[in-house]
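Chemist: Okay, so here is entry-v8.cif, and as you'll see once you scroll down, it has mmCIF, C-alpha atoms.
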data_data
#
loop_
_atom_site.group_PDB
_atom_site.id
_atom_site.type_symbol
_atom_site.label_atom_id
_atom_site.label_comp_id
_atom_site.auth_asym_id
_atom_site.auth_seq_id
_atom_site.Cartn_x
_atom_site.Cartn_y
_atom_site.Cartn_z
ATOM 1 C CA MET A 3 30.613 -140.370 36.610
ATOM 2 C CA VAL A 4 33.824 -140.155 34.687
ATOM 3 C CA CYS A 5 36.232 -143.044 34.620
ATOM 4 C CA PHE A 6 39.796 -143.123 33.349
ATOM 5 C CA LYS A 7 41.647 -146.430 32.981
ATOM 6 C CA TYR A 8 45.308 -146.852 32.135
ATOM 7 C CA SER A 9 47.857 -149.660 32.254
ATOM 8 C CA LEU A 10 51.206 -148.695 33.816
ATOM 9 C CA ASN A 11 53.524 -151.629 33.146
ATOM 10 C CA GLN A 12 52.089 -154.405 35.364
ATOM 11 C CA ASP A 13 49.560 -152.155 37.134
ATOM 12 C CA ALA A 14 46.004 -151.375 36.078
ATOM 13 C CA VAL A 15 45.198 -147.862 37.312
ATOM 14 C CA GLU A 16 41.656 -146.486 37.356
ATOM 15 C CA LEU A 17 40.395 -143.090 38.484
ATOM 16 C CA GLN A 18 36.648 -142.668 39.053
ATOM 17 C CA ALA A 19 35.131 -139.257 39.724
ATOM 18 C CA SER A 20 31.496 -138.513 40.370
ATOM 19 C CA ASN A 21 30.242 -135.225 38.978
ATOM 20 C CA TRP A 22 27.178 -135.760 41.172
ATOM 21 C CA ASN A 23 28.572 -136.144 44.705
ATOM 22 C CA GLY A 24 32.226 -135.091 44.266
ATOM 23 C CA ILE A 25 33.723 -138.415 45.355
ATOM 24 C CA GLU A 26 36.932 -139.432 43.610
ATOM 25 C CA ARG A 27 38.441 -142.888 43.947
ATOM 26 C CA VAL A 28 41.643 -144.389 42.581
ATOM 27 C CA PHE A 29 42.082 -148.128 42.148
ATOM 28 C CA VAL A 30 45.330 -149.971 41.466
ATOM 29 C CA ASN A 31 44.799 -153.546 40.286
ATOM 30 C CA GLY A 32 41.192 -153.426 41.492
ATOM 31 C CA GLU A 33 42.054 -152.277 45.028
ATOM 32 C CA MET A 34 40.978 -148.806 46.150
ATOM 33 C CA VAL A 35 44.124 -146.950 47.211
ATOM 34 C CA SER A 36 42.934 -143.337 47.365
ATOM 35 C CA SER A 37 39.658 -141.536 47.925
ATOM 36 C CA LYS A 38 38.678 -137.911 48.456
ATOM 37 C CA LEU A 39 35.799 -135.502 48.200
ATOM 38 C CA ASN A 40 36.368 -132.776 45.621
ATOM 39 C CA PHE A 41 34.163 -130.111 44.062
ATOM 40 C CA ALA A 42 37.028 -128.005 42.697
ATOM 41 C CA GLY A 43 38.192 -128.003 39.101
ATOM 42 C CA LYS A 44 41.455 -129.775 39.964
ATOM 43 C CA SER A 45 42.675 -132.534 42.272
ATOM 44 C CA GLU A 46 45.627 -134.842 42.706
ATOM 45 C CA HIS A 47 46.202 -138.398 43.960
ATOM 46 C CA THR A 48 49.577 -140.053 44.566
ATOM 47 C CA VAL A 49 49.571 -143.854 44.689
ATOM 48 C CA ALA A 50 52.124 -146.660 45.112
ATOM 49 C CA LEU A 51 52.740 -149.106 42.271
ATOM 50 C CA LYS A 52 53.981 -152.710 42.295
ATOM 51 C CA ASP A 53 57.450 -151.714 41.083
ATOM 52 C CA GLY A 54 57.953 -149.542 44.197
ATOM 53 C CA HIS A 55 57.541 -146.243 42.356
ATOM 54 C CA ARG A 56 54.708 -143.811 42.846
ATOM 55 C CA ALA A 57 52.315 -142.451 40.272
ATOM 56 C CA LYS A 58 50.603 -139.093 40.445
ATOM 57 C CA LEU A 59 47.161 -138.699 38.901
ATOM 58 C CA GLN A 60 45.869 -135.189 38.292
ATOM 59 C CA LEU A 61 42.224 -134.630 37.512
ATOM 60 C CA LEU A 62 41.323 -131.260 36.041
ATOM 61 C CA ILE A 63 38.766 -129.488 33.904
ATOM 62 C CA ASP A 64 39.980 -127.426 30.970
ATOM 63 C CA PRO A 65 38.127 -124.098 31.349
ATOM 64 C CA GLN A 66 38.158 -123.440 27.594
ATOM 65 C CA THR A 67 36.924 -126.790 26.280
ATOM 66 C CA GLU A 68 35.232 -128.072 29.480
ATOM 67 C CA GLU A 69 36.923 -131.420 28.881
ATOM 68 C CA VAL A 70 37.824 -133.494 31.921
ATOM 69 C CA MET A 71 41.461 -134.565 31.834
ATOM 70 C CA CYS A 72 43.406 -137.118 33.798
ATOM 71 C CA ARG A 73 47.165 -136.664 33.645
ATOM 72 C CA ILE A 74 49.305 -139.540 34.865
ATOM 73 C CA TYR A 75 52.891 -138.980 35.979
ATOM 74 C CA LYS A 76 55.538 -141.518 36.981
ATOM 75 C CA LYS A 77 58.930 -140.385 38.296
ATOM 76 C CA GLY A 78 57.870 -136.819 37.528
ATOM 77 C CA VAL A 79 57.390 -137.563 33.832
ATOM 78 C CA LEU A 80 54.025 -137.199 32.120
ATOM 79 C CA ILE A 81 53.086 -140.703 30.951
ATOM 80 C CA ALA A 82 49.535 -140.129 29.707
ATOM 81 C CA SER A 83 46.936 -137.418 29.293
ATOM 82 C CA LEU A 84 43.447 -138.901 29.033
ATOM 83 C CA LYS A 85 40.388 -136.816 28.154
ATOM 84 C CA GLN A 86 36.637 -137.064 28.236
ATOM 85 C CA GLY A 87 34.627 -134.457 26.424
ATOM 86 C CA LYS A 88 31.878 -132.157 27.561
ATOM 87 C CA ASP A 89 29.234 -134.320 25.837
ATOM 88 C CA ASN A 90 29.967 -137.245 28.193
ATOM 89 C CA LEU A 91 29.566 -134.983 31.229
ATOM 90 C CA GLU A 92 26.370 -133.394 29.942
ATOM 91 C CA HIS A 93 24.859 -136.831 29.255
ATOM 92 C CA ALA A 94 25.750 -138.035 32.765
ATOM 93 C CA LYS A 95 24.270 -134.888 34.344
ATOM 94 C CA SER A 96 21.111 -135.253 32.275
ATOM 95 C CA MET A 97 20.695 -138.879 33.346
ATOM 96 C CA MET A 98 21.159 -137.959 37.015
ATOM 97 C CA TRP A 99 18.576 -135.152 36.816
ATOM 98 C CA GLN A 100 16.100 -137.487 35.110
ATOM 99 C CA LEU A 101 16.631 -140.074 37.834
ATOM 100 C CA LEU A 102 16.159 -137.471 40.562
ATOM 101 C CA LEU A 103 12.965 -136.183 38.929
ATOM 102 C CA MET A 104 11.632 -139.726 38.595
ATOM 103 C CA LEU A 105 12.366 -140.439 42.269
ATOM 104 C CA CYS A 106 10.623 -137.225 43.357
ATOM 105 C CA LEU A 107 7.579 -137.940 41.217
ATOM 106 C CA SER A 108 7.302 -141.543 42.369
ATOM 107 C CA GLY A 109 7.699 -140.422 46.010
ATOM 108 C CA GLY A 110 4.881 -137.902 45.553
ATOM 109 C CA LEU A 111 2.693 -140.555 43.954
ATOM 110 C CA LEU A 112 3.396 -142.933 46.834
ATOM 111 C CA LEU A 113 2.427 -140.251 49.374
ATOM 112 C CA THR A 114 -0.788 -139.563 47.462
ATOM 113 C CA LEU A 115 -1.722 -143.248 47.363
ATOM 114 C CA THR A 116 -1.037 -143.805 51.063
ATOM 115 C CA ASN A 117 -3.239 -140.861 52.169
#
Before we go any further, please render this structure as structure tokens.
Modeler:
Amino acid sequence: MVCFKYSLNQDAVELQASNWNGIERVFVNGEMVSSKLNFAGKSEHTVALKDGHRAKLQLLIDPQTEEVMCRIYKKGVLIASLKQGKDNLEHAKSMMWQLLLMLCLSGGLLLTLTN
């Protein structure tokens, strides 16, 4: 899971993206305002802000560095470019695979004990 948080004037904007199940969610001031399923290397969310303007959040993966980037635009102007490196993604993937392996092994053990 990658998570980008940014404060746009009086609004707290957060984009969460799961590298496991492809679900992306955007929250503004704690309220989910956008959600989509995405397995591509790029996506976009447009959300309303308190001041009546809209913000566009672009999520993309840099093919050269494999960094995950979240670009935030307001009124067509790039406000922020947030990045998370490949190491964060690799750690999250490793943790998910370990969890899956543990669940499979414990399920097999449970089946063995019940038979």
Chemist: I'd like the neighbourhood of A:Thr48 as a list in words, where a residue qualifies if any of its atoms comes within 12 Å (using all atoms listed in the file), though same-chain residues fewer than 2 positions away should be ignored.
Modeler: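 Once the nearby chain positions are removed, what remains is Val15, Leu17, Arg27, Val28, Phe29, Val30, Val35, Ser36, Ser37, Lys38, Ser45, Glu46, Ala50, Leu51, His55, Arg56, Ala57, Lys58, Leu59, Gln60, Leu61, Arg73, Ile74, Tyr75, Lys76, Lys77 and Gly78 of chain A.
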Chemist: Keeping C-alpha atoms for every residue in the selection just given, could you write it to a file as a short mmCIF file (atom, residue, chain, number, x, y, z; two decimals), in the frame of the given file?
Modeler:
data_model
loop_
_atom_site.label_atom_id
_atom_site.label_comp_id
_atom_site.auth_asym_id
_atom_site.auth_seq_id
_atom_site.Cartn_x
_atom_site.Cartn_y
_atom_site.Cartn_z
CA VAL A 15 45.20 -147.86 37.31
CA LEU A 17 40.40 -143.09 38.48
CA ARG A 27 38.44 -142.89 43.95
CA VAL A 28 41.64 -144.39 42.58
CA PHE A 29 42.08 -148.13 42.15
CA VAL A 30 45.33 -149.97 41.47
CA VAL A 35 44.12 -146.95 47.21
CA SER A 36 42.93 -143.34 47.36
CA SER A 37 39.66 -141.54 47.92
CA LYS A 38 38.68 -137.91 48.46
CA SER A 45 42.68 -132.53 42.27
CA GLU A 46 45.63 -134.84 42.71
CA ALA A 50 52.12 -146.66 45.11
CA LEU A 51 52.74 -149.11 42.27
CA HIS A 55 57.54 -146.24 42.36
CA ARG A 56 54.71 -143.81 42.85
CA ALA A 57 52.32 -142.45 40.27
CA LYS A 58 50.60 -139.09 40.44
CA LEU A 59 47.16 -138.70 38.90
CA GLN A 60 45.87 -135.19 38.29
CA LEU A 61 42.22 -134.63 37.51
CA ARG A 73 47.16 -136.66 33.65
CA ILE A 74 49.30 -139.54 34.86
CA TYR A 75 52.89 -138.98 35.98
CA LYS A 76 55.54 -141.52 36.98
CA LYS A 77 58.93 -140.38 38.30
CA GLY A 78 57.87 -136.82 37.53
#
Chemist: In terms of the shortest atom-to-atom distance over all atoms listed in the file, which of A:Ala14, A:Ser20, A:Leu103, A:Glu68 is closest to A:Glu33?
Modeler: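 Nearest to A:Glu33: A:Ala14.
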Chemist: Could you tell me how far atom CA of A:Lys52 sits from atom CA of A:Gln12, in Å to one decimal place?
Modeler: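 Spanning atom CA of A:Gln12 to atom CA of A:Lys52 is a straight-line distance of 7.4 Å.
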Chemist: Please evaluate the PyMOL selection byres ((chain A and resi 3) around 7) against the structure above and give the resulting residues as a list in words.
Modeler: Val4, Cys5, Gln18, Ala19, Ser20, Asn21 and Ala94 of chain A
Chemist: Quick one: 5 Å padding each side, axis-aligned, all listed atoms of stretch 71-84 of chain A - centre and edge lengths in Å to one decimal, as AutoDock Vina command-line options?
Modeler:
--center_x 50.2 --center_y -138.0 --center_z 33.7 --size_x 27.5 --size_y 17.0 --size_z 19.3
Chemist: Atom CA of A:Phe6 to atom CA of A:Asp53: how many Å, to one decimal?
Modeler: 21.1 Å
Chemist: Hey, can you check how far atom CA of A:Tyr8 sits from atom CA of A:Gly43?
Modeler: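 Pair atom CA of A:Tyr8 / atom CA of A:Gly43 returns 21.3 Å.
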